[in-house]
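Novice: The structure that follows is given in the form of structure tokens.
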Amino acid sequence: MQRKKIHFGIIGLGLMGKEFSSSIARWCHLLDNSPIPVVSAICDKNKETWKWYEDNFKDITIKTDDYKDLLNSKDIDAIYCAVPHNLHEKIYTDIINAGKHLLGEKPFGIDKNANKNILEAIKNNPEVSVRCSSEFPYFPACQQLIKWLNARKYGRLIEVRTGFHHSSDMDLNKPINWKRMVEINGEYGCMGDLGIHTLHIPFRMGWKPKNVYADLQKIAETRPDGSGGMVPCKTWDNAVLTCRSTDRETGKEFSMIIETKRMAPGSTNNWFIEVYGTEGSVIFSTHNPKAFNFLTTSGKEQGWTRIDVGSQSAIPTITGGIFEFGFSDAFQQMIGAFMHELSGNENKHPFGNVTPEETMWSHELFTAALQSGKTGNRVEIN
Ligand SMILES: NC(=O)c1ccc[n+]([C@@H]2O[C@H](COP(=O)([O-])OP(=O)(O)OC[C@H]3O[C@@H](n4cnc5c(N)ncnc54)[C@H](O)[C@@H]3O)[C@@H](O)[C@H]2O)c1
């Protein structure tokens, strides 16, 4: 039987639009019987971005600088949207109200109010599937960690540390771009940019912070404007959120530390999660992407075990089991999970994409963190 095709329109053809499309171009990589995604339409205000897509995707039938052309086409089933944060609310709500499925990018609205309006559109269009992108949990070693967490091998939770560290902003000569402008990137700064990645697994485990103390830092005060001058750089560079959370199963409280840093010396793109409990602990970090590290506590003895995990991803692939797995593979696996969602067999995938409700929790946390940053107090999260 011929596999169903899902025709995607892509809005925003920059860094992530290309990553999405390249994953689709090598869809034969996955050994899966879900529908096949096809890049059928592209949209970007900057027409210079079109060429790479024109050169590489023969099924494109719509090229436009007006995203409404994609929404008005009956030939488009779903949209991947990767545009600057100030555009999320308007474009995402238009996509959803047009009845198109949406894989959107974080932070899913520039602020809490924008996110609320996106969620309202979802409520009014229950037939539309909407998810937010977050790819790192799809590393095979991290999928092992998730299985371990689901089996509750940690006993009583002591502490969860999760974070995303970047270092490219350590270069103070790097010119400013929209991701460093408050009006376009948002007041959350590094939290809006990196935060949802750190929260995907904790939220799925039901670990929702109930309060937060935020240590926010602006380190790069100015940046080159790209034309020989300097301009203020107003976004938060680094954030350390110290939270209390409750384990739903036991009702016991534990500490949650969430770090989102753009100025973390030595960390090109390091996403990590560490879970410490009375009976067991686990660590995964993209610094060491093959390694699933776990520890079992036996009386007073605790010893770490490291397992080298190959490419055995949640959705099987043609790659030999011992070979290495990378960012692009994780991104493709994430889209695979979205395709499972669209094909109605969501439960088949062990770890679905970030849900709209989870994006709302992230906005509640970041909004409280901004308040904590301003007042210097610990802030309760509703
Ligand atoms: N999942 C991830 O790992 C990851 C990584 C980086 C960025 N992102 C997210 O992806 C989104 C886009 O980031 P990026 O790095 O691809 O940015 P980018 O600047 O590389 O690309 C954004 C594109 O949107 C286009 N655009 C702007 N206004 C538009 C409009 N009205 N209609 C159509 N196109 C328009 C721009 O011309 C540009 O080509 C953001 O939400 C960002 O937070 C996610």
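In the structure tokens, each chain is lettered A, B, ... as it comes, each chain's residues begin at 1, and ligands are numbered from 1 in order of appearance.
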Using only C-alpha atoms and all ligand atoms, which protein or nucleic acid residues are at most 7 Å from ligand 1, as number ranges by chain?
Specialist: A: 11-17, 43-46, 49, 65-67, 82-85, 87, 105-107, 133-135, 193
Novice: Write the residues of the selection above to a file with C-alpha atoms, as a PDB file, in the first residue's frame.
Specialist:
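Result written to again25.pdb:
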```pdb
ATOM      1  CA  ILE A  11       7.427  29.716   6.831  1.00  0.00           C
ATOM      2  CA  GLY A  12      10.836  31.194   7.689  1.00  0.00           C
ATOM      3  CA  LEU A  13      13.595  29.779   5.500  1.00  0.00           C
ATOM      4  CA  GLY A  14      16.604  30.631   7.694  1.00  0.00           C
ATOM      5  CA  LEU A  15      18.743  28.391   9.911  1.00  0.00           C
ATOM      6  CA  MET A  16      15.919  26.153  11.128  1.00  0.00           C
ATOM      7  CA  GLY A  17      13.839  26.136   7.944  1.00  0.00           C
ATOM      8  CA  CYS A  43       7.679  31.395   2.311  1.00  0.00           C
ATOM      9  CA  ASP A  44      10.182  34.011   3.400  1.00  0.00           C
ATOM     10  CA  LYS A  45      10.163  37.804   3.185  1.00  0.00           C
ATOM     11  CA  ASN A  46      13.789  37.604   2.108  1.00  0.00           C
ATOM     12  CA  THR A  49      16.628  32.509   0.951  1.00  0.00           C
ATOM     13  CA  ASP A  65       6.800  36.181   0.534  1.00  0.00           C
ATOM     14  CA  ASP A  66       3.226  36.191   1.904  1.00  0.00           C
ATOM     15  CA  TYR A  67       2.530  33.267   4.279  1.00  0.00           C
ATOM     16  CA  ALA A  82      10.574  29.188  12.166  1.00  0.00           C
ATOM     17  CA  VAL A  83      10.354  32.975  12.326  1.00  0.00           C
ATOM     18  CA  PRO A  84      11.561  35.588  14.865  1.00  0.00           C
ATOM     19  CA  HIS A  85       9.710  35.537  18.189  1.00  0.00           C
ATOM     20  CA  LEU A  87       5.934  37.114  14.801  1.00  0.00           C
ATOM     21  CA  GLU A 105       9.382  26.908  17.088  1.00  0.00           C
ATOM     22  CA  LYS A 106      10.027  28.010  20.639  1.00  0.00           C
ATOM     23  CA  PRO A 107       9.335  30.006  22.694  1.00  0.00           C
ATOM     24  CA  SER A 133      10.061  21.891  18.477  1.00  0.00           C
ATOM     25  CA  SER A 134      12.642  20.446  20.925  1.00  0.00           C
ATOM     26  CA  GLU A 135      15.049  17.908  19.502  1.00  0.00           C
ATOM     27  CA  ASP A 193      15.742  31.181  23.340  1.00  0.00           C
TER      28      ASP A 193
END
```
Novice: Mind checking which residues fall within 10 Å of region 114-117 of chain A, counting only C-alpha atoms, ignoring those fewer than 5 positions away in the same chain, and posting them as an mmCIF file with N, CA and C atoms, in the first residue's frame?
Specialist:
```cif
data_model
loop_
_atom_site.group_PDB
_atom_site.id
_atom_site.type_symbol
_atom_site.label_atom_id
_atom_site.label_comp_id
_atom_site.auth_asym_id
_atom_site.auth_seq_id
_atom_site.Cartn_x
_atom_site.Cartn_y
_atom_site.Cartn_z
ATOM 1 N N HIS A 85 10.705 35.737 17.127
ATOM 2 C CA HIS A 85 9.710 35.537 18.189
ATOM 3 C C HIS A 85 8.562 36.546 18.171
ATOM 4 N N ASN A 86 8.836 37.784 17.717
ATOM 5 C CA ASN A 86 7.779 38.803 17.716
ATOM 6 C C ASN A 86 6.674 38.466 16.708
ATOM 7 N N LEU A 87 6.931 37.481 15.819
ATOM 8 C CA LEU A 87 5.934 37.114 14.801
ATOM 9 C C LEU A 87 5.160 35.847 15.167
ATOM 10 N N HIS A 88 5.565 35.160 16.228
ATOM 11 C CA HIS A 88 4.935 33.868 16.554
ATOM 12 C C HIS A 88 3.420 34.001 16.732
ATOM 13 N N GLU A 89 3.001 34.952 17.541
ATOM 14 C CA GLU A 89 1.572 35.031 17.900
ATOM 15 C C GLU A 89 0.700 35.179 16.651
ATOM 16 N N LYS A 90 1.028 36.155 15.811
ATOM 17 C CA LYS A 90 0.191 36.444 14.636
ATOM 18 C C LYS A 90 0.231 35.274 13.648
ATOM 19 N N TYR A 92 1.345 32.060 14.031
ATOM 20 C CA TYR A 92 0.868 30.763 14.546
ATOM 21 C C TYR A 92 -0.672 30.755 14.629
ATOM 22 N N THR A 93 -1.253 31.847 15.131
ATOM 23 C CA THR A 93 -2.726 31.840 15.261
ATOM 24 C C THR A 93 -3.373 31.796 13.876
ATOM 25 N N PRO A 107 9.997 30.344 21.420
ATOM 26 C CA PRO A 107 9.335 30.006 22.694
ATOM 27 C C PRO A 107 7.805 29.938 22.582
ATOM 28 N N PHE A 108 7.281 29.853 21.352
ATOM 29 C CA PHE A 108 5.839 29.721 21.161
ATOM 30 C C PHE A 108 5.123 30.967 21.669
ATOM 31 N N GLY A 109 5.509 32.110 21.106
ATOM 32 C CA GLY A 109 4.972 33.400 21.565
ATOM 33 C C GLY A 109 6.073 34.164 22.260
ATOM 34 N N ILE A 122 -5.762 27.281 19.475
ATOM 35 C CA ILE A 122 -5.721 25.803 19.459
ATOM 36 C C ILE A 122 -7.025 25.245 20.029
ATOM 37 N N LYS A 123 -7.490 25.881 21.116
ATOM 38 C CA LYS A 123 -8.746 25.426 21.745
ATOM 39 C C LYS A 123 -9.913 25.538 20.760
ATOM 40 N N PRO A 356 1.377 22.132 23.525
ATOM 41 C CA PRO A 356 1.042 23.538 23.789
ATOM 42 C C PRO A 356 0.943 23.834 25.293
ATOM 43 N N GLU A 357 0.374 22.897 26.050
ATOM 44 C CA GLU A 357 0.258 23.122 27.500
ATOM 45 C C GLU A 357 1.639 23.267 28.144
ATOM 46 N N THR A 359 4.264 24.439 26.680
ATOM 47 C CA THR A 359 4.806 25.780 26.361
ATOM 48 C C THR A 359 4.221 26.807 27.330
ATOM 49 N N MET A 360 2.935 26.606 27.696
ATOM 50 C CA MET A 360 2.296 27.551 28.637
ATOM 51 C C MET A 360 3.021 27.501 30.002
ATOM 52 N N SER A 362 6.073 26.803 30.470
ATOM 53 C CA SER A 362 7.380 27.475 30.346
ATOM 54 C C SER A 362 7.196 28.990 30.429
ATOM 55 N N HIS A 363 6.118 29.498 29.841
ATOM 56 C CA HIS A 363 5.880 30.948 29.911
ATOM 57 C C HIS A 363 5.559 31.376 31.349
ATOM 58 N N GLU A 364 4.828 30.536 32.075
ATOM 59 C CA GLU A 364 4.545 30.869 33.481
ATOM 60 C C GLU A 364 5.849 30.957 34.270
#
```
Novice: Skipping near chain neighbours, those fewer than 4 positions away, what residues fall within 12 Å of region 25-28 of chain A using only C-alpha atoms, listed as a CSV table (one decimal) with C-alpha atoms, in the first residue's frame?
Specialist:
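The resulting result-v4.csv:
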```
chain,number,residue,atom,x,y,z
A,5,LYS,CA,2.1,12.0,2.1
A,18,LYS,CA,16.9,24.6,6.2
A,19,GLU,CA,17.4,22.0,9.0
A,20,PHE,CA,13.8,21.0,8.8
A,21,SER,CA,13.8,20.6,5.0
A,32,ASP,CA,8.9,3.8,9.7
A,33,ASN,CA,5.5,3.5,8.1
A,34,SER,CA,4.1,6.8,9.1
A,35,PRO,CA,3.1,9.3,6.4
A,36,ILE,CA,5.9,10.8,4.4
A,37,PRO,CA,6.5,14.6,4.8
A,38,VAL,CA,7.0,16.6,1.5
A,39,VAL,CA,8.4,20.1,1.2
A,40,SER,CA,5.6,21.6,-1.0
A,53,TYR,CA,15.1,25.4,-1.6
A,56,ASN,CA,17.1,21.1,-3.8
A,57,PHE,CA,13.3,20.4,-3.6
A,58,LYS,CA,11.5,19.5,-6.8
A,59,ASP,CA,8.1,19.2,-5.3
A,315,ILE,CA,12.3,5.4,15.3
A,316,PRO,CA,14.7,2.9,13.7
A,317,THR,CA,16.9,4.0,10.9
A,318,ILE,CA,19.2,2.5,8.2
A,319,THR,CA,22.3,3.4,10.2
A,328,SER,CA,20.5,16.5,12.5
A,329,ASP,CA,19.5,13.0,13.4
A,331,PHE,CA,16.0,16.9,14.6
A,332,GLN,CA,14.8,14.3,12.1
A,333,GLN,CA,13.6,12.0,14.9
A,335,ILE,CA,9.9,15.5,13.1
A,336,GLY,CA,9.3,11.7,13.0
A,339,MET,CA,4.5,12.5,11.9
```
Novice: By how many Å are CA of Ile257 (chain A) and CA of Tyr154 (chain A) apart?
Specialist: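 If I compute the distance from CA of Ile257 (chain A) to CA of Tyr154 (chain A), I get 17.2 Å.
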Novice: Which residues, written as a list in words, have at least one atom at most 10 Å from Met263 (chain A), with only C-alpha atoms counted and residues fewer than 5 positions away on the same chain left out?
Specialist: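 Result of the neighbour search: His165, His166, Ser167, Ser168, Asp169, Met170, Asp171, Cys190, Gln217, Lys218, Ile219, Ala220, Asp237, Asn238 and Thr268 of chain A.
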Novice: Looking only at the backbone, which of the residues in region 209-309 of chain A does DSSP tag as strand (DSSP E or B), as a PyMOL selection string?
Specialist: chain A and resi 209-217+222-224+230-232+238-246+253-261+269-277+280-285+291-298+301-308
Novice: Residues of region 35-184 of chain A classed as helix (DSSP H, G or I) by DSSP on the backbone are to be reported as an MDAnalysis selection string.
Specialist: chainID A and resid 47:56 68:71 85:97 112:124 136:138 140:150 168:170 178:180 182:184
Novice: Leaving out Pro202 (chain A) and any residue of its chain fewer than 4 positions from it, which residues lie within 10 Å of it when counting only C-alpha atoms, given as a list in words?
Specialist: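 Everything that qualifies: Ile146, Leu149, Val160, Arg161, Thr162, Thr198, Gly206, Trp207, Lys208, Pro209, Met256, Ile273 and Val275 of chain A.
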Novice: So how many Å separate CA of Asn177 (chain A) and CA of Ala214 (chain A), to one decimal?
Specialist: 25.1 Å
Novice: Have a look at A:His349, A:Lys47, A:His29, A:Arg262 and name the one nearest to Gly195 (chain A); count only C-alpha atoms.
Specialist: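 When distances to Gly195 (chain A) are compared using only C-alpha atoms, the smallest one comes from A:Arg262.
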Novice: Have a look at CA of Leu103 (chain A) and CA of Glu120 (chain A) and let me know their distance in Å, one decimal.
Specialist: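 Interatomic distance, CA of Leu103 (chain A) to CA of Glu120 (chain A): 16.5 Å.
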Novice: Between A:Lys234, A:Lys112, A:His197, A:Lys4, which residue has the minimum interatomic distance to Glu259 (chain A), considering only C-alpha atoms?
Specialist: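 Among A:Lys234, A:Lys112, A:His197, A:Lys4, it is A:His197 that comes nearest to Glu259 (chain A).
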Novice: Name the closest residue to Asn269 (chain A) among the candidates A:Lys179, A:Lys210, A:Arg223, A:His287; distances are taken between atoms, counting only C-alpha atoms.
Specialist: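 Closest to Asn269 (chain A), using only C-alpha atoms: A:His287.
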Novice: Could you check the closest approach to Leu157 (chain A) for each of A:Gly280, A:Gly326, A:Pro126, A:Gly192 and tell me which residue wins, using only C-alpha atoms?
Specialist: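 When distances to Leu157 (chain A) are compared using only C-alpha atoms, the smallest one comes from A:Gly280.
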Novice: Would you mind telling me which residue in A:Ser23, A:Cys142, A:Ile10, A:Glu127 lies nearest to Cys81 (chain A) when using only C-alpha atoms?
Specialist: A:Ile10
Novice: I'd like the contact shell of Trp271 (chain A) - 7 Å cut-off, only C-alpha atoms, skipping same-chain residues fewer than 6 positions apart - returned as a list in words.
Specialist: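 Contacts, with the query itself left out: Gly163, Phe164, His165, Ser285 and Thr286 of chain A.
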Novice: Could you write out that same residue set with C-alpha atoms as a CSV table (one decimal), in the first residue's frame?
Specialist:
```csv
chain,number,residue,atom,x,y,z
A,163,GLY,CA,20.5,23.4,31.2
A,164,PHE,CA,21.6,24.7,27.8
A,165,HIS,CA,24.9,26.4,27.5
A,285,SER,CA,25.0,15.8,28.0
A,286,THR,CA,25.5,16.6,24.4
```
